[in-house]
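Note sheet for the following structure.
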Amino acid sequence: MLVKYQNRIMALPMLCMIIILLSACCFDEQKNETSNVNPKVQSVETVSVTRGNLTPTVSAHTTIIPALDFVLCSSVEGTFEACSSAGNKITEGGVIGKVSEEEIKSPVDATILSIISSNESVPKNYPLATAKYTGFALNIEAENFLKILPENAALKAKFQVVDGVGPTEAIAVVVPVSENAESTLQCLIGKDIDVKPGQSATVVITAETRKDVLLLPLSVIAGRQGKGMVTVINDGKQIQTEVMLGATDGAYIEILSGVNEGDTISSIPPNLDPRSNL
């Protein structure tokens, strides 16, 4: 009996050793299986291409200045007929002239500084007159914003003065007479608004809402100006795809071509996903 008991005691260390070895083998096997997983095929967060409405928006932090002279342009091609002359004062909505019966109106009370002669044949968007608004304004660089807008798009603006008035609507958005006139917008401030030159303000300019357009979050796109790249997920494969870009509201962007409604897109833009370099 004593011999059997001694044999069992001697067998216990051997049994424990076998259990430890088996456990180690299982752990190594699981570790190997984990290390062999291809990080490129791990699941990724995705978004879908959707349809919806989008209001083109641009914003910037700028400084209040005395308003620059601004330009009044033809909205159509045709022959210009002047209804005012240099030095005349004109009220908001006043007609300065016509191009092919299309009236050209001043958006604010202003003084006409110069105007082209009547019977001149002009193309669309041709400068017809310069005018002066005696008040304050906020200028904003908006080259990319203007590129995606139709000609003569109606624009609205609001501004918030730092530690001051606002949010307040600008009375008009015009094109100033400046070296960068093609890429600059000037938001005119009402004369009844208590501001002074040098104050800082945030300006938000919006255009007419675009309806039923393809949309994606800006965060999933690499690139911003005209074209970009997204990663389309199709049958488990990641396909880098070029897309043409339209207007943006700062959070979403209009997709003109490259993907379709319902397509699945990686939430990480191409070239920013660390797994693509493994």
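Starting from 1 in every chain, residues are counted up; chains themselves are A, B, ... following the order of the structure tokens, and ligands are numbered from 1 as listed.
Residues of range 13-244 of chain A that DSSP, applied to the backbone, places in alpha helix (DSSP H): A:Pro13, A:Met14, A:Leu15, A:Cys16, A:Met17, A:Ile18, A:Ile19, A:Ile20, A:Leu21, A:Leu22, A:Ser23, A:Ala24, A:Cys25, A:Cys26, A:Phe27, A:Asp28, A:Glu29, A:Gln30, A:Lys31, A:Asn32, A:Glu33, A:Thr34, A:Ser35, A:Glu143, A:Asn144, A:Phe145, A:Leu146, A:Lys147.
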Spatial neighbours of range 234-240 of chain A, max dist 8 Å, only C-alpha atoms, sep filter under 2 positions, as an NGL selection string: :A and (41 or 229-232 or 242 or 264 or 270)
Please, which residues of range 41-248 of chain A, numbered as in this document, come out strand (DSSP E) from DSSP, as a VMD selection string? chain A and resid 46 to 48 50 to 54 57 to 66 70 to 73 78 to 82 89 to 90 95 to 99 102 to 105 110 to 115 120 to 122 127 to 132 136 to 141 156 to 161 168 to 169 172 to 176 184 to 188 200 to 206 210 to 217 227 to 234 237 to 248
Determine, counting only C-alpha atoms, which protein, DNA and RNA residues have an atom within 6 Å of an atom of range 42-55 of chain A; residues of the same chain fewer than 6 positions away are not included. Present the result as an NGL selection string. :A and (209-216 or 249 or 261-267)
For Pro123 in chain A, which residue among A:Ser100, A:Gln199, A:Thr63, A:Ser257 is the nearest when counting only C-alpha atoms? A:Ser100
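Counting only C-alpha atoms, the residue from A:Ser178, A:Ser85, A:Thr57, A:Thr91 that sits nearest to Asn139 in chain A is A:Ser178.
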Near-Ser117 in chain A list (10 Å; only C-alpha atoms; drop same-chain fewer than 2 positions) as an MDAnalysis selection string: chainID A and resid 80:82 85 114:115 119:121 128:129
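Closest approach to Val162 in chain A from the set A:Lys124, A:Lys98, A:His61, A:Lys132 is made by A:His61, with distances taken over only C-alpha atoms.
Interatomic distance, CA of Ala170 in chain A against CA of Asn125 in chain A: 23.0 Å.
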Nearest to Ser75 in chain A, chosen from A:Ala154, A:Val259, A:Ile148, A:Ile233, with only C-alpha atoms counted in the distances: A:Ala154
